[in-house]
Amino acid sequence: MYDNLDELRAAALQCQNCGLCATRNNVVFGVGPADAKILLIGEGPGENEDKQGEPFVGRSGQLLDKMLEYAGLSRKKNIYIANMVKCRPPQNRDPAPEEIEACMGWLRNQTAILRPSIIICIGRIAAVSLIRKDFKVTKEHGQFIDKNGTLMMGTFHPAALLRNPVNKPAAMEDLLGAAKKARELGLPV
């Protein structure tokens with residue numbers, strides 16, 4: 001267990017816990033201020049993320065940033081963004097359960113250091129891994145669930161919104177709801 005994000009990042013950059021390390025260009029550790037009290041968790045890096053070493057930097061990341069900005073949230077000011085797995089699954093496939101498990105220690109340590117008040121699971125993979133195995137994003141998005149004193153919510157993945165824009169308004173409402181909940185909790189938004 002590491003005590004700060006810099007030490008944890010340095011260790012994660014050397015990770016060989018699963019086969020994803022063989023095909024990665026970069027470990028995509030996470031980004032955002034160390035004092036962020038809202039943690040967004042996606043499923044895993046895509047091609048652009050693997051090249052740049054930062055989560056959500058492709059088209060879906062651009063959409064996410066616009067939506068966050070509209071809600072008064074930002075990866076530069078008050079949101080930390082991480083993924084379930086830190087290395088890109090080949091061809092952007094879903095991470096396998098054993099890959100998620102191999103990476104879970106990094107995410108748990110990030111969460112322990114950040115101590116977020118709100119966790120937003122971006123997409124199905126994160127939601128079923130962290131909230132509940134039978135979580136249905138299309139039916140339960142935007143609903144807060146208290147897990148051991150941390151409020152958790154699932155919402156649509158921005159890549160899914162690019163494929164199916166009809167869900168954009170619902171996803172925007174989810175992020176606005178998260179910002180509102182953060183203000184209610186007295187968090188910096």
# chains A, B, ... in the order shown; residues from 1 in each chain; ligands from 1
$ residues_around --residues "Ile118 (chain A)" --least-positions-apart "5" --cutoff "8 Å" --atoms "only C-alpha atoms" --output "PyMOL selection string"
chain A and resi 37-39+150-153+178+182
$ closest_residue --among "A:Tyr80, A:Phe156, A:Tyr70, A:Phe135" --to "Ala179 (chain A)" --atoms "only C-alpha atoms"
A:Tyr70
$ closest_residue --among "A:Pro158, A:Pro95, A:Pro116, A:Gly46" --to "Ala34 (chain A)" --atoms "only C-alpha atoms"
A:Pro116
$ closest_residue --among "A:Gly42, A:Val31, A:Arg108, A:Leu5" --to "Thr155 (chain A)" --atoms "only C-alpha atoms"
A:Gly42
$ residues_around --residues "Lys66 (chain A)" --least-positions-apart "2" --cutoff "12 Å" --atoms "only C-alpha atoms" --output "compact mmCIF listing (two decimals) with N, CA, C and O atoms, in the first residue's frame"
# COMPACT_ATOMS: atom_id res chain seq x y z
N PHE A 56 -9.25 9.07 -21.11
CA PHE A 56 -10.28 9.85 -21.79
C PHE A 56 -9.71 11.05 -22.53
O PHE A 56 -10.02 12.20 -22.23
N VAL A 57 -8.88 10.78 -23.55
CA VAL A 57 -8.32 11.87 -24.35
C VAL A 57 -8.75 11.80 -25.82
O VAL A 57 -8.50 12.74 -26.57
N ARG A 59 -11.97 10.94 -28.77
CA ARG A 59 -13.28 11.58 -29.03
C ARG A 59 -14.20 11.47 -27.82
O ARG A 59 -14.89 12.43 -27.47
N SER A 60 -14.22 10.30 -27.17
CA SER A 60 -15.10 10.16 -26.01
C SER A 60 -14.62 11.03 -24.85
O SER A 60 -15.43 11.58 -24.10
N GLY A 61 -13.32 11.21 -24.72
CA GLY A 61 -12.79 12.09 -23.69
C GLY A 61 -13.13 13.54 -23.94
O GLY A 61 -13.42 14.30 -23.00
N GLN A 62 -13.12 13.94 -25.20
CA GLN A 62 -13.51 15.31 -25.54
C GLN A 62 -14.97 15.55 -25.18
O GLN A 62 -15.31 16.60 -24.63
N LEU A 63 -15.82 14.57 -25.48
CA LEU A 63 -17.22 14.69 -25.10
C LEU A 63 -17.36 14.74 -23.59
O LEU A 63 -18.09 15.58 -23.04
N LEU A 64 -16.66 13.86 -22.89
CA LEU A 64 -16.72 13.84 -21.43
C LEU A 64 -16.30 15.19 -20.86
O LEU A 64 -16.96 15.74 -19.97
N LEU A 68 -18.55 17.52 -18.53
CA LEU A 68 -18.08 17.88 -17.19
C LEU A 68 -18.06 19.39 -17.02
O LEU A 68 -18.51 19.93 -16.00
N GLU A 69 -17.53 20.09 -18.03
CA GLU A 69 -17.46 21.55 -17.96
C GLU A 69 -18.84 22.16 -17.79
O GLU A 69 -19.04 23.07 -16.98
N TYR A 70 -19.81 21.65 -18.53
CA TYR A 70 -21.18 22.16 -18.42
C TYR A 70 -21.73 21.96 -17.01
O TYR A 70 -22.50 22.78 -16.50
N ALA A 71 -21.30 20.89 -16.36
CA ALA A 71 -21.76 20.59 -14.99
C ALA A 71 -20.91 21.31 -13.93
O ALA A 71 -21.16 21.17 -12.74
N GLY A 72 -19.89 22.07 -14.37
CA GLY A 72 -19.03 22.77 -13.42
C GLY A 72 -17.93 21.88 -12.84
O GLY A 72 -17.40 22.17 -11.77
N LEU A 73 -17.61 20.82 -13.55
CA LEU A 73 -16.60 19.87 -13.09
C LEU A 73 -15.44 19.86 -14.09
O LEU A 73 -15.61 20.16 -15.26
N SER A 74 -14.25 19.48 -13.61
CA SER A 74 -13.08 19.49 -14.49
C SER A 74 -11.99 18.58 -13.95
O SER A 74 -11.73 18.58 -12.74
N ARG A 75 -11.33 17.86 -14.84
CA ARG A 75 -10.20 17.03 -14.44
C ARG A 75 -9.02 17.87 -13.98
O ARG A 75 -8.11 17.37 -13.35
N PRO A 158 -19.04 7.74 -22.44
CA PRO A 158 -19.11 8.68 -23.56
C PRO A 158 -18.96 8.01 -24.93
O PRO A 158 -19.54 8.49 -25.91
N LYS A 168 -27.52 11.09 -24.49
CA LYS A 168 -26.73 12.23 -24.01
C LYS A 168 -27.47 13.08 -22.96
O LYS A 168 -26.86 13.44 -21.95
N MET A 172 -26.07 13.75 -19.23
CA MET A 172 -25.81 15.11 -18.77
C MET A 172 -26.53 15.35 -17.44
O MET A 172 -25.96 15.95 -16.53
N LEU A 175 -24.49 13.84 -14.61
CA LEU A 175 -23.34 14.65 -14.19
C LEU A 175 -23.79 15.91 -13.45
O LEU A 175 -23.17 16.32 -12.47
$ atom_distance --atom1 "CA of Gly32 (chain A)" --atom2 "CA of Lys136 (chain A)"
27.6 Å
$ closest_residue --among "A:Ala127, A:Cys18, A:Met67, A:Leu161" --to "Glu140 (chain A)" --atoms "only C-alpha atoms"
A:Ala127
$ select_by_dssp --residues "region 24-131 of chain A" --states "helix (DSSP H, G or I)" --output "PyMOL selection string"
chain A and resi 47-52+59-70+90-92+97-114+124-130
$ write_last_selection --atoms "C-alpha atoms" --output "mmCIF file, in the first residue's frame"
data_model
loop_
_atom_site.group_PDB
_atom_site.id
_atom_site.type_symbol
_atom_site.label_atom_id
_atom_site.label_comp_id
_atom_site.auth_asym_id
_atom_site.auth_seq_id
_atom_site.Cartn_x
_atom_site.Cartn_y
_atom_site.Cartn_z
ATOM 1 C CA GLU A 47 -5.817 3.664 -28.465
ATOM 2 C CA ASN A 48 -5.403 7.421 -27.888
ATOM 3 C CA GLU A 49 -5.139 6.941 -24.137
ATOM 4 C CA ASP A 50 -2.501 4.240 -24.590
ATOM 5 C CA LYS A 51 -0.481 6.566 -26.843
ATOM 6 C CA GLN A 52 -0.747 9.603 -24.536
ATOM 7 C CA ARG A 59 -13.276 11.580 -29.029
ATOM 8 C CA SER A 60 -15.101 10.156 -26.011
ATOM 9 C CA GLY A 61 -12.791 12.089 -23.688
ATOM 10 C CA GLN A 62 -13.506 15.310 -25.543
ATOM 11 C CA LEU A 63 -17.223 14.691 -25.102
ATOM 12 C CA LEU A 64 -16.724 13.843 -21.428
ATOM 13 C CA ASP A 65 -14.736 17.048 -20.854
ATOM 14 C CA LYS A 66 -17.473 19.168 -22.486
ATOM 15 C CA MET A 67 -20.147 17.499 -20.361
ATOM 16 C CA LEU A 68 -18.084 17.881 -17.186
ATOM 17 C CA GLU A 69 -17.457 21.550 -17.958
ATOM 18 C CA TYR A 70 -21.185 22.160 -18.420
ATOM 19 C CA PRO A 90 -6.136 -5.139 -27.566
ATOM 20 C CA GLN A 91 -8.587 -3.789 -30.167
ATOM 21 C CA ASN A 92 -10.339 -1.865 -27.348
ATOM 22 C CA PRO A 97 -12.333 -10.356 -15.398
ATOM 23 C CA GLU A 98 -8.822 -11.603 -14.611
ATOM 24 C CA GLU A 99 -7.339 -8.360 -16.008
ATOM 25 C CA ILE A 100 -9.680 -6.288 -13.859
ATOM 26 C CA GLU A 101 -8.731 -8.362 -10.819
ATOM 27 C CA ALA A 102 -5.014 -8.022 -11.588
ATOM 28 C CA CYS A 103 -5.410 -4.225 -11.709
ATOM 29 C CA MET A 104 -7.833 -3.856 -8.795
ATOM 30 C CA GLY A 105 -5.057 -3.256 -6.254
ATOM 31 C CA TRP A 106 -3.945 -0.133 -8.119
ATOM 32 C CA LEU A 107 -7.498 1.249 -8.181
ATOM 33 C CA ARG A 108 -8.106 0.388 -4.519
ATOM 34 C CA ASN A 109 -4.880 2.156 -3.552
ATOM 35 C CA GLN A 110 -5.818 5.208 -5.666
ATOM 36 C CA THR A 111 -9.207 5.294 -3.964
ATOM 37 C CA ALA A 112 -7.641 4.939 -0.504
ATOM 38 C CA ILE A 113 -5.299 7.869 -1.186
ATOM 39 C CA LEU A 114 -7.954 10.105 -2.769
ATOM 40 C CA ARG A 124 -21.186 -0.901 -17.683
ATOM 41 C CA ILE A 125 -17.790 -2.492 -16.922
ATOM 42 C CA ALA A 126 -17.009 -0.087 -14.081
ATOM 43 C CA ALA A 127 -20.557 -0.157 -12.718
ATOM 44 C CA VAL A 128 -20.866 -3.952 -12.554
ATOM 45 C CA SER A 129 -17.350 -4.255 -11.142
ATOM 46 C CA LEU A 130 -17.748 -1.645 -8.418
#
$ atom_distance --atom1 "CA of Ile119 (chain A)" --atom2 "CA of Ile145 (chain A)"
9.8 Å
$ select_by_dssp --residues "region 35-184 of chain A" --states "strand (DSSP E or B)" --output "PyMOL selection string"
chain A and resi 38-42+79-83+118-122+145-147+150-155
$ write_last_selection --atoms "N, CA, C and O atoms" --output "compact mmCIF listing (two decimals), in the first residue's frame"
# COMPACT_ATOMS: atom_id res chain seq x y z
N ILE A 38 -14.26 13.83 -6.07
CA ILE A 38 -15.09 13.11 -7.02
C ILE A 38 -14.16 12.30 -7.90
O ILE A 38 -13.24 12.84 -8.52
N LEU A 39 -14.38 11.00 -7.95
CA LEU A 39 -13.56 10.08 -8.73
C LEU A 39 -14.42 9.48 -9.83
O LEU A 39 -15.46 8.89 -9.55
N LEU A 40 -14.00 9.67 -11.08
CA LEU A 40 -14.64 9.03 -12.22
C LEU A 40 -13.81 7.82 -12.59
O LEU A 40 -12.59 7.91 -12.70
N ILE A 41 -14.48 6.69 -12.79
CA ILE A 41 -13.78 5.46 -13.13
C ILE A 41 -14.37 4.88 -14.40
O ILE A 41 -15.54 4.53 -14.45
N GLY A 42 -13.53 4.78 -15.43
CA GLY A 42 -13.92 4.16 -16.69
C GLY A 42 -13.48 2.70 -16.72
O GLY A 42 -13.01 2.16 -15.72
N ILE A 79 -12.01 16.94 -10.28
CA ILE A 79 -12.35 15.55 -10.63
C ILE A 79 -11.04 14.78 -10.84
O ILE A 79 -10.14 15.28 -11.50
N TYR A 80 -10.98 13.58 -10.32
CA TYR A 80 -9.87 12.68 -10.65
C TYR A 80 -10.46 11.59 -11.53
O TYR A 80 -11.54 11.07 -11.26
N ILE A 81 -9.75 11.25 -12.62
CA ILE A 81 -10.24 10.24 -13.56
C ILE A 81 -9.26 9.07 -13.62
O ILE A 81 -8.05 9.28 -13.79
N ALA A 82 -9.78 7.88 -13.45
CA ALA A 82 -8.98 6.65 -13.52
C ALA A 82 -9.78 5.60 -14.29
O ALA A 82 -10.90 5.86 -14.75
N ASN A 83 -9.22 4.42 -14.43
CA ASN A 83 -9.87 3.31 -15.12
C ASN A 83 -9.77 2.04 -14.29
O ASN A 83 -8.90 1.92 -13.42
N ILE A 118 -17.60 10.93 -3.69
CA ILE A 118 -18.47 10.47 -4.77
C ILE A 118 -17.62 9.73 -5.79
O ILE A 118 -16.56 10.21 -6.20
N ILE A 119 -18.08 8.57 -6.21
CA ILE A 119 -17.47 7.82 -7.30
C ILE A 119 -18.51 7.67 -8.40
O ILE A 119 -19.62 7.20 -8.15
N ILE A 120 -18.12 8.07 -9.61
CA ILE A 120 -18.99 7.93 -10.77
C ILE A 120 -18.39 6.86 -11.67
O ILE A 120 -17.28 7.01 -12.17
N CYS A 121 -19.12 5.78 -11.83
CA CYS A 121 -18.69 4.68 -12.70
C CYS A 121 -19.15 4.99 -14.12
O CYS A 121 -20.35 5.12 -14.38
N ILE A 122 -18.19 5.13 -15.01
CA ILE A 122 -18.48 5.49 -16.40
C ILE A 122 -18.60 4.21 -17.21
O ILE A 122 -17.60 3.57 -17.52
N ILE A 145 -25.86 5.32 -4.74
CA ILE A 145 -25.87 4.16 -3.85
C ILE A 145 -24.76 4.39 -2.83
O ILE A 145 -23.62 4.67 -3.21
N ASP A 146 -25.09 4.29 -1.56
CA ASP A 146 -24.09 4.48 -0.51
C ASP A 146 -23.39 3.15 -0.27
O ASP A 146 -24.02 2.16 0.11
N LYS A 147 -22.07 3.14 -0.51
CA LYS A 147 -21.26 1.96 -0.23
C LYS A 147 -20.19 2.35 0.76
O LYS A 147 -19.24 3.05 0.41
N THR A 150 -19.31 6.05 0.89
CA THR A 150 -19.00 6.71 -0.38
C THR A 150 -20.22 6.59 -1.28
O THR A 150 -20.79 5.52 -1.43
N LEU A 151 -20.64 7.72 -1.85
CA LEU A 151 -21.77 7.71 -2.77
C LEU A 151 -21.27 7.28 -4.14
O LEU A 151 -20.32 7.85 -4.68
N MET A 152 -21.93 6.26 -4.71
CA MET A 152 -21.54 5.74 -6.01
C MET A 152 -22.70 5.86 -6.98
O MET A 152 -23.85 5.71 -6.59
N MET A 153 -22.36 6.13 -8.23
CA MET A 153 -23.36 6.28 -9.27
C MET A 153 -22.79 5.69 -10.56
O MET A 153 -21.59 5.78 -10.81
N GLY A 154 -23.64 5.10 -11.36
CA GLY A 154 -23.25 4.66 -12.69
C GLY A 154 -23.88 5.56 -13.73
O GLY A 154 -24.97 6.09 -13.51
N THR A 155 -23.18 5.76 -14.83
CA THR A 155 -23.73 6.53 -15.94
C THR A 155 -23.19 5.97 -17.25
O THR A 155 -22.36 5.07 -17.25
$ atom_distance --atom1 "CA of Phe29 (chain A)" --atom2 "CA of Lys86 (chain A)"
5.7 Å
$ closest_residue --among "A:Ala10, A:Val137, A:Arg132, A:Gly142" --to "Ala160 (chain A)" --atoms "only C-alpha atoms"
A:Val137
